[in-house]
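Q: See my_file-v1.txt below, with compact mmCIF, C-alpha atoms.
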```
# COMPACT_ATOMS: atom_id res chain seq x y z
CA ALA A 1 -36.43 -27.74 31.09
CA GLN A 2 -34.04 -30.27 29.69
CA SER A 3 -32.31 -32.37 32.34
CA VAL A 4 -30.85 -35.78 33.00
CA ALA A 5 -30.40 -37.58 36.31
CA GLN A 6 -28.16 -40.41 37.37
CA PRO A 7 -29.50 -41.46 40.77
CA GLU A 8 -26.49 -43.54 41.82
CA ASP A 9 -23.10 -42.02 42.52
CA GLN A 10 -21.50 -45.46 42.49
CA VAL A 11 -22.42 -48.95 41.38
CA ASN A 12 -20.49 -51.99 42.59
CA VAL A 13 -20.70 -55.30 40.81
CA ALA A 14 -18.69 -58.51 40.76
CA GLU A 15 -16.88 -59.52 37.60
CA GLY A 16 -19.05 -61.75 35.45
CA ASN A 17 -22.30 -60.42 36.86
CA PRO A 18 -24.71 -58.25 34.90
CA LEU A 19 -24.52 -54.54 35.47
CA THR A 20 -27.00 -51.69 35.20
CA VAL A 21 -26.28 -47.97 35.40
CA LYS A 22 -29.43 -45.92 35.69
CA CYS A 23 -30.42 -42.74 33.86
CA THR A 24 -33.67 -40.80 33.75
CA TYR A 25 -34.36 -37.73 31.69
CA SER A 26 -36.71 -34.82 31.29
CA VAL A 27 -37.09 -33.04 27.97
CA SER A 28 -39.88 -31.10 26.33
CA GLY A 29 -39.96 -33.19 23.21
CA ASN A 30 -38.50 -36.36 21.76
CA PRO A 31 -35.08 -37.04 23.25
CA TYR A 32 -31.76 -37.92 21.79
CA LEU A 33 -29.97 -39.92 24.50
CA PHE A 34 -26.31 -40.78 24.82
CA TRP A 35 -23.95 -42.70 27.08
CA TYR A 36 -20.30 -41.76 27.45
CA VAL A 37 -17.54 -43.36 29.53
CA GLN A 38 -14.56 -41.68 31.13
CA TYR A 39 -11.50 -43.67 32.12
CA PRO A 40 -8.99 -42.16 34.57
CA ASN A 41 -7.02 -39.25 33.13
CA ARG A 42 -8.86 -39.51 29.83
CA GLY A 43 -11.55 -37.62 27.97
CA LEU A 44 -15.05 -38.97 27.55
CA GLN A 45 -15.63 -41.67 24.98
CA PHE A 46 -18.90 -42.31 23.18
CA LEU A 47 -20.59 -45.64 23.98
CA LEU A 48 -23.99 -45.52 22.31
CA LYS A 49 -26.95 -43.33 21.43
CA TYR A 50 -30.69 -43.53 20.96
CA ILE A 51 -32.13 -41.38 18.22
CA THR A 52 -35.19 -43.25 17.02
CA GLY A 53 -36.32 -46.78 16.20
CA ASP A 54 -35.61 -49.88 18.26
CA ASN A 55 -35.75 -49.18 21.98
CA LEU A 56 -32.77 -51.47 22.63
CA VAL A 57 -29.55 -49.88 21.46
CA LYS A 58 -26.27 -51.76 21.22
CA GLY A 59 -22.99 -49.96 21.60
CA SER A 60 -19.28 -50.35 22.12
CA TYR A 61 -17.56 -52.88 24.41
CA GLY A 62 -20.69 -55.04 24.76
CA PHE A 63 -22.82 -52.33 26.34
CA GLU A 64 -26.46 -51.78 25.52
CA ALA A 65 -29.17 -49.43 26.70
CA GLU A 66 -32.93 -49.56 26.71
CA PHE A 67 -35.02 -46.51 25.96
CA ASN A 68 -38.26 -46.53 27.98
CA LYS A 69 -40.48 -43.61 27.05
CA SER A 70 -43.15 -44.25 29.68
CA GLN A 71 -40.57 -44.28 32.47
CA THR A 72 -38.38 -41.63 30.81
CA SER A 73 -35.37 -43.83 31.38
CA PHE A 74 -32.32 -44.90 29.42
CA HIS A 75 -30.48 -47.41 31.60
CA LEU A 76 -27.09 -48.74 30.53
CA LYS A 77 -26.60 -52.49 30.77
CA LYS A 78 -24.05 -55.19 30.16
CA PRO A 79 -24.69 -58.93 30.59
CA SER A 80 -21.29 -59.74 32.08
CA ALA A 81 -19.09 -57.11 33.71
CA LEU A 82 -15.32 -56.94 33.32
CA VAL A 83 -12.83 -55.38 35.71
CA SER A 84 -11.77 -53.18 32.80
CA ASP A 85 -15.31 -51.70 32.70
CA SER A 86 -14.53 -49.82 35.92
CA ALA A 87 -14.86 -46.16 35.00
CA LEU A 88 -17.10 -43.11 35.25
CA TYR A 89 -20.24 -43.29 33.13
CA PHE A 90 -22.24 -40.29 31.94
CA CYS A 91 -25.72 -40.17 30.52
CA ALA A 92 -26.54 -37.18 28.30
CA VAL A 93 -29.58 -35.78 26.52
CA ARG A 94 -30.68 -33.45 23.75
CA PHE A 95 -34.08 -33.27 22.13
CA GLN A 96 -35.13 -33.34 18.50
CA GLY A 97 -36.54 -29.82 18.55
CA ASP A 98 -33.21 -28.40 19.53
CA THR A 99 -32.13 -25.82 16.97
CA GLY A 100 -28.57 -26.08 18.15
CA ARG A 101 -28.85 -23.39 20.75
CA ARG A 102 -28.32 -25.91 23.51
CA ALA A 103 -25.60 -28.49 23.56
CA LEU A 104 -25.51 -31.88 25.14
CA THR A 105 -26.59 -31.88 28.80
CA PHE A 106 -24.75 -34.40 30.94
CA GLY A 107 -25.79 -36.16 34.10
CA SER A 108 -23.64 -36.09 37.22
CA GLY A 109 -21.95 -39.37 36.41
CA THR A 110 -21.96 -42.84 38.00
CA ARG A 111 -18.77 -44.53 39.05
CA LEU A 112 -18.81 -48.21 38.17
CA GLN A 113 -16.55 -50.43 40.23
CA VAL A 114 -16.20 -54.03 39.07
CA GLN A 115 -14.59 -56.29 41.64
CA PRO A 116 -12.53 -59.31 40.55
CA ASP B 1 -7.09 -41.62 20.52
CA SER B 2 -10.07 -39.38 19.70
CA GLY B 3 -8.15 -37.14 17.31
CA VAL B 4 -8.89 -34.06 19.43
CA THR B 5 -5.77 -32.40 20.79
CA GLN B 6 -5.72 -30.14 23.82
CA THR B 7 -2.77 -28.16 25.11
CA PRO B 8 -1.42 -27.79 27.66
CA LYS B 9 -2.30 -30.91 29.64
CA HIS B 10 -1.64 -29.20 32.95
CA LEU B 11 -1.63 -25.54 33.91
CA ILE B 12 -0.80 -24.08 37.29
CA THR B 13 -1.32 -20.39 37.84
CA ALA B 14 -2.24 -17.84 40.48
CA THR B 15 -5.43 -16.00 41.25
CA GLY B 16 -5.99 -12.94 39.12
CA GLN B 17 -4.02 -14.29 36.18
CA ARG B 18 -5.13 -15.02 32.63
CA VAL B 19 -4.61 -18.27 30.73
CA THR B 20 -5.37 -19.62 27.28
CA LEU B 21 -6.37 -23.20 26.58
CA ARG B 22 -6.02 -24.52 23.06
CA CYS B 23 -7.95 -27.17 21.18
CA SER B 24 -7.44 -28.72 17.76
CA PRO B 25 -10.52 -30.64 16.59
CA ARG B 26 -10.54 -33.90 14.68
CA SER B 27 -9.66 -33.50 11.05
CA GLY B 28 -12.79 -32.47 9.16
CA ASP B 29 -14.86 -31.56 12.21
CA LEU B 30 -16.37 -28.09 12.00
CA SER B 31 -17.89 -27.82 15.46
CA VAL B 32 -16.02 -27.37 18.73
CA TYR B 33 -17.42 -27.51 22.25
CA TRP B 34 -15.91 -26.52 25.57
CA TYR B 35 -16.88 -28.20 28.83
CA GLN B 36 -15.76 -27.67 32.41
CA GLN B 37 -15.58 -30.63 34.77
CA SER B 38 -15.33 -30.09 38.51
CA LEU B 39 -16.18 -32.20 41.51
CA ASP B 40 -18.99 -29.96 42.73
CA GLN B 41 -20.50 -28.88 39.39
CA GLY B 42 -19.99 -32.01 37.33
CA LEU B 43 -19.65 -31.63 33.57
CA GLN B 44 -20.87 -28.19 32.54
CA PHE B 45 -21.26 -26.98 28.97
CA LEU B 46 -19.54 -23.67 28.35
CA ILE B 47 -19.77 -22.79 24.67
CA GLN B 48 -20.01 -24.23 21.16
CA TYR B 49 -18.61 -22.95 17.87
CA TYR B 50 -19.39 -24.01 14.36
CA ASN B 51 -17.08 -23.03 11.51
CA GLY B 52 -15.87 -19.95 13.32
CA GLU B 53 -19.22 -18.74 14.59
CA GLU B 54 -20.65 -19.07 18.09
CA ARG B 55 -23.57 -21.50 18.00
CA ALA B 56 -24.56 -22.11 21.60
CA LYS B 57 -23.71 -20.69 24.97
CA GLY B 58 -23.98 -22.42 28.30
CA ASN B 59 -22.82 -21.55 31.77
CA ILE B 60 -19.83 -19.54 30.67
CA LEU B 61 -18.71 -16.74 32.96
CA GLU B 62 -18.14 -13.24 31.63
CA ARG B 63 -14.48 -13.60 32.63
CA PHE B 64 -14.21 -16.44 30.12
CA SER B 65 -14.21 -16.07 26.36
CA ALA B 66 -13.57 -18.32 23.41
CA GLN B 67 -13.10 -18.21 19.68
CA GLN B 68 -12.68 -20.54 16.76
CA PHE B 69 -10.14 -19.60 14.15
CA PRO B 70 -10.25 -20.07 10.35
CA ASP B 71 -8.14 -23.23 10.66
CA LEU B 72 -10.89 -24.47 13.05
CA HIS B 73 -8.76 -24.67 16.15
CA SER B 74 -10.28 -23.04 19.20
CA GLU B 75 -9.01 -21.20 22.23
CA LEU B 76 -10.65 -20.71 25.59
CA ASN B 77 -9.44 -17.65 27.47
CA LEU B 78 -9.91 -17.50 31.22
CA SER B 79 -9.14 -14.22 32.96
CA SER B 80 -9.14 -12.81 36.49
CA LEU B 81 -8.82 -16.38 37.67
CA GLU B 82 -10.31 -17.44 40.98
CA LEU B 83 -9.68 -20.51 43.09
CA GLY B 84 -13.05 -21.87 42.02
CA ASP B 85 -11.97 -21.93 38.40
CA SER B 86 -9.73 -24.88 39.15
CA ALA B 87 -11.16 -27.70 37.06
CA LEU B 88 -10.62 -30.00 34.14
CA TYR B 89 -11.49 -28.25 30.88
CA PHE B 90 -12.48 -30.45 27.97
CA CYS B 91 -12.74 -29.65 24.33
CA ALA B 92 -14.87 -31.82 22.07
CA SER B 93 -15.55 -31.77 18.36
CA SER B 94 -18.12 -33.13 15.94
CA PRO B 95 -18.54 -32.97 12.18
CA THR B 96 -21.45 -30.54 11.87
CA GLY B 97 -22.66 -29.81 15.40
CA THR B 98 -26.12 -31.23 14.82
CA VAL B 99 -28.20 -32.62 17.65
CA ASN B 100 -27.73 -36.33 16.96
CA GLU B 101 -23.98 -36.36 16.50
CA LYS B 102 -21.62 -37.99 18.95
CA LEU B 103 -18.88 -35.85 20.39
CA PHE B 104 -15.18 -36.67 20.33
CA PHE B 105 -13.43 -35.44 23.45
CA GLY B 106 -9.85 -34.43 24.03
CA SER B 107 -7.95 -35.53 27.13
CA GLY B 108 -8.52 -32.19 28.81
CA THR B 109 -6.49 -29.43 30.41
CA GLN B 110 -6.20 -29.62 34.18
CA LEU B 111 -6.19 -26.06 35.50
CA SER B 112 -5.04 -25.42 39.04
CA VAL B 113 -5.44 -21.90 40.40
CA LEU B 114 -3.40 -21.32 43.56
```
Would you encode the structure as structure tokens?

A:
Amino acid sequence: AQSVAQPEDQVNVAEGNPLTVKCTYSVSGNPYLFWYVQYPNRGLQFLLKYITGDNLVKGSYGFEAEFNKSQTSFHLKKPSALVSDSALYFCAVRFQGDTGRRALTFGSGTRLQVQP
Amino acid sequence: DSGVTQTPKHLITATGQRVTLRCSPRSGDLSVYWYQQSLDQGLQFLIQYYNGEERAKGNILERFSAQQFPDLHSELNLSSLELGDSALYFCASSPTGTVNEKLFFGSGTQLSVL
């Protein structure tokens, strides 16, 4: 079964420090992996995706994520956190064999709190 | 601004009632998705349409139905509402609905069932 897990409900980090938001997945095939961010009272916004190729993916607002096939992980990272990065982050997965009968499956979300 | 428009932004109604949520996708996008976000269930996929046809179905209740019209806007109909249907309902769109496309989300409709 296709699933995605975000093991941390909340991550706290000080401004200027590196941040990591964790995501692990389970799919019966090669995955397409996504990160989205949700700011208060807003819809989700796309950050980045892994389809194929380089395991390190760079996205919007200085975020990047590393695809690790052996650990089935796709952790979101940023070298230096900003207070404005505080938001709810969602990892999502599909797999390449998907004929379109299943849409994007989202994790439960991780709230990132960046302290000044 | 994602280009996806959802109306209304807020909806307050009573149990047993029926409501309609509306979504206009980004210009040129043919595929529309509906998601339900609640505190206990997280973000749940309900249904996807592509160019007027249903493409994928998720955890959508039988009391709920949706359609996509020729002008590509979509409506989600929720009937016989229960307290547990209170949630934030998101619409998203993408150009062709293929597996590697990013989704563009609207700001959502907050439904409160009293």

Q: Using all atoms listed in the file, find which residues of chain B lie within 12 Å of chain A and jot them down as an mmCIF file with C-alpha atoms, in the coordinates of the input.

A:
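Everything below was put into part-v4.cif:
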```cif
data_model
loop_
_atom_site.group_PDB
_atom_site.id
_atom_site.type_symbol
_atom_site.label_atom_id
_atom_site.label_comp_id
_atom_site.auth_asym_id
_atom_site.auth_seq_id
_atom_site.Cartn_x
_atom_site.Cartn_y
_atom_site.Cartn_z
ATOM 1 C CA ASP B 1 -7.090 -41.620 20.520
ATOM 2 C CA SER B 2 -10.070 -39.380 19.700
ATOM 3 C CA GLY B 3 -8.150 -37.140 17.310
ATOM 4 C CA VAL B 4 -8.890 -34.060 19.430
ATOM 5 C CA THR B 5 -5.770 -32.400 20.790
ATOM 6 C CA GLN B 6 -5.720 -30.140 23.820
ATOM 7 C CA LYS B 9 -2.300 -30.910 29.640
ATOM 8 C CA HIS B 10 -1.640 -29.200 32.950
ATOM 9 C CA SER B 31 -17.890 -27.820 15.460
ATOM 10 C CA VAL B 32 -16.020 -27.370 18.730
ATOM 11 C CA TYR B 33 -17.420 -27.510 22.250
ATOM 12 C CA TRP B 34 -15.910 -26.520 25.570
ATOM 13 C CA TYR B 35 -16.880 -28.200 28.830
ATOM 14 C CA GLN B 36 -15.760 -27.670 32.410
ATOM 15 C CA GLN B 37 -15.580 -30.630 34.770
ATOM 16 C CA SER B 38 -15.330 -30.090 38.510
ATOM 17 C CA LEU B 39 -16.180 -32.200 41.510
ATOM 18 C CA ASP B 40 -18.990 -29.960 42.730
ATOM 19 C CA GLN B 41 -20.500 -28.880 39.390
ATOM 20 C CA GLY B 42 -19.990 -32.010 37.330
ATOM 21 C CA LEU B 43 -19.650 -31.630 33.570
ATOM 22 C CA GLN B 44 -20.870 -28.190 32.540
ATOM 23 C CA PHE B 45 -21.260 -26.980 28.970
ATOM 24 C CA LEU B 46 -19.540 -23.670 28.350
ATOM 25 C CA ILE B 47 -19.770 -22.790 24.670
ATOM 26 C CA GLN B 48 -20.010 -24.230 21.160
ATOM 27 C CA TYR B 49 -18.610 -22.950 17.870
ATOM 28 C CA TYR B 50 -19.390 -24.010 14.360
ATOM 29 C CA GLU B 54 -20.650 -19.070 18.090
ATOM 30 C CA ARG B 55 -23.570 -21.500 18.000
ATOM 31 C CA ALA B 56 -24.560 -22.110 21.600
ATOM 32 C CA LYS B 57 -23.710 -20.690 24.970
ATOM 33 C CA GLY B 58 -23.980 -22.420 28.300
ATOM 34 C CA ASN B 59 -22.820 -21.550 31.770
ATOM 35 C CA LEU B 88 -10.620 -30.000 34.140
ATOM 36 C CA TYR B 89 -11.490 -28.250 30.880
ATOM 37 C CA PHE B 90 -12.480 -30.450 27.970
ATOM 38 C CA CYS B 91 -12.740 -29.650 24.330
ATOM 39 C CA ALA B 92 -14.870 -31.820 22.070
ATOM 40 C CA SER B 93 -15.550 -31.770 18.360
ATOM 41 C CA SER B 94 -18.120 -33.130 15.940
ATOM 42 C CA THR B 96 -21.450 -30.540 11.870
ATOM 43 C CA GLY B 97 -22.660 -29.810 15.400
ATOM 44 C CA THR B 98 -26.120 -31.230 14.820
ATOM 45 C CA VAL B 99 -28.200 -32.620 17.650
ATOM 46 C CA ASN B 100 -27.730 -36.330 16.960
ATOM 47 C CA GLU B 101 -23.980 -36.360 16.500
ATOM 48 C CA LYS B 102 -21.620 -37.990 18.950
ATOM 49 C CA LEU B 103 -18.880 -35.850 20.390
ATOM 50 C CA PHE B 104 -15.180 -36.670 20.330
ATOM 51 C CA PHE B 105 -13.430 -35.440 23.450
ATOM 52 C CA GLY B 106 -9.850 -34.430 24.030
ATOM 53 C CA SER B 107 -7.950 -35.530 27.130
ATOM 54 C CA GLY B 108 -8.520 -32.190 28.810
ATOM 55 C CA THR B 109 -6.490 -29.430 30.410
ATOM 56 C CA GLN B 110 -6.200 -29.620 34.180
#
```

Q: What's the 7 Å shell around B:Thr15, counting all atoms listed in the file, without same-chain residues fewer than 2 positions away, as a ChimeraX atom specification?

A: /B:13,17,80-83,113-114

Q: Fewer than 6 positions away in the same chain doesn't count, so skip those; otherwise give me all residues within 6 Å of stretch 83-89 of chain A, counting all atoms listed in the file, as a ChimeraX atom specification.

A: /A:36-39,109-114

Q: For the atom pair atom CA of B:Ser86 and atom CA of B:Cys23, what is the interatomic distance in Å to one decimal place?

A: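 We find that atom CA of B:Ser86 and atom CA of B:Cys23 lie 18.2 Å from each other.
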
Q: With 10 Å as the threshold, what does the neighbourhood of (-23.0, -52.3, 36.3) contain in terms of residues, counting only C-alpha atoms? Coordinates are those of the file; answer as a compact mmCIF listing (two decimals) with C-alpha atoms, in the frame of the given file.

A:
```txt
# COMPACT_ATOMS: atom_id res chain seq x y z
CA GLN A 10 -21.50 -45.46 42.49
CA VAL A 11 -22.42 -48.95 41.38
CA ASN A 12 -20.49 -51.99 42.59
CA VAL A 13 -20.70 -55.30 40.81
CA ALA A 14 -18.69 -58.51 40.76
CA GLU A 15 -16.88 -59.52 37.60
CA ASN A 17 -22.30 -60.42 36.86
CA PRO A 18 -24.71 -58.25 34.90
CA LEU A 19 -24.52 -54.54 35.47
CA THR A 20 -27.00 -51.69 35.20
CA VAL A 21 -26.28 -47.97 35.40
CA LYS A 22 -29.43 -45.92 35.69
CA PHE A 63 -22.82 -52.33 26.34
CA LEU A 76 -27.09 -48.74 30.53
CA LYS A 77 -26.60 -52.49 30.77
CA LYS A 78 -24.05 -55.19 30.16
CA PRO A 79 -24.69 -58.93 30.59
CA SER A 80 -21.29 -59.74 32.08
CA ALA A 81 -19.09 -57.11 33.71
CA LEU A 82 -15.32 -56.94 33.32
CA ASP A 85 -15.31 -51.70 32.70
CA SER A 86 -14.53 -49.82 35.92
CA TYR A 89 -20.24 -43.29 33.13
CA THR A 110 -21.96 -42.84 38.00
CA ARG A 111 -18.77 -44.53 39.05
CA LEU A 112 -18.81 -48.21 38.17
CA GLN A 113 -16.55 -50.43 40.23
CA VAL A 114 -16.20 -54.03 39.07
```

Q: Identify which of the residues A:Ser28, A:Ser3, A:Asn55, A:Gln115 lies closest to A:His75, counting all atoms listed in the file when measuring atom-to-atom distances.

A: A:Asn55

Q: What does the distance from atom CA of A:Gln2 to atom CA of A:Gln71 come to in Å, to one decimal?

A: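 Result for atom CA of A:Gln2 versus atom CA of A:Gln71: 15.7 Å, one decimal.
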
Q: Figure out the distance between atom CA of B:Gly84 and atom CA of B:Arg63, please, to one decimal in Å.

A: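 Computing it gives 12.6 Å between the two atoms.
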
Q: From the set B:Ile60, B:Leu72, B:Leu111, B:Leu30, which residue has the shortest atom-to-atom contact distance to B:Leu11, counting all atoms listed in the file?

A: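 Among B:Ile60, B:Leu72, B:Leu111, B:Leu30, it is B:Leu111 that comes nearest to B:Leu11.
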
Q: My list of candidates is A:Glu64, A:Cys91, A:Ala5, A:Thr52. Which is closest to A:Thr24 when distances are computed with only C-alpha atoms?

A: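 Checking each candidate against A:Thr24, we get A:Ala5 as the closest.
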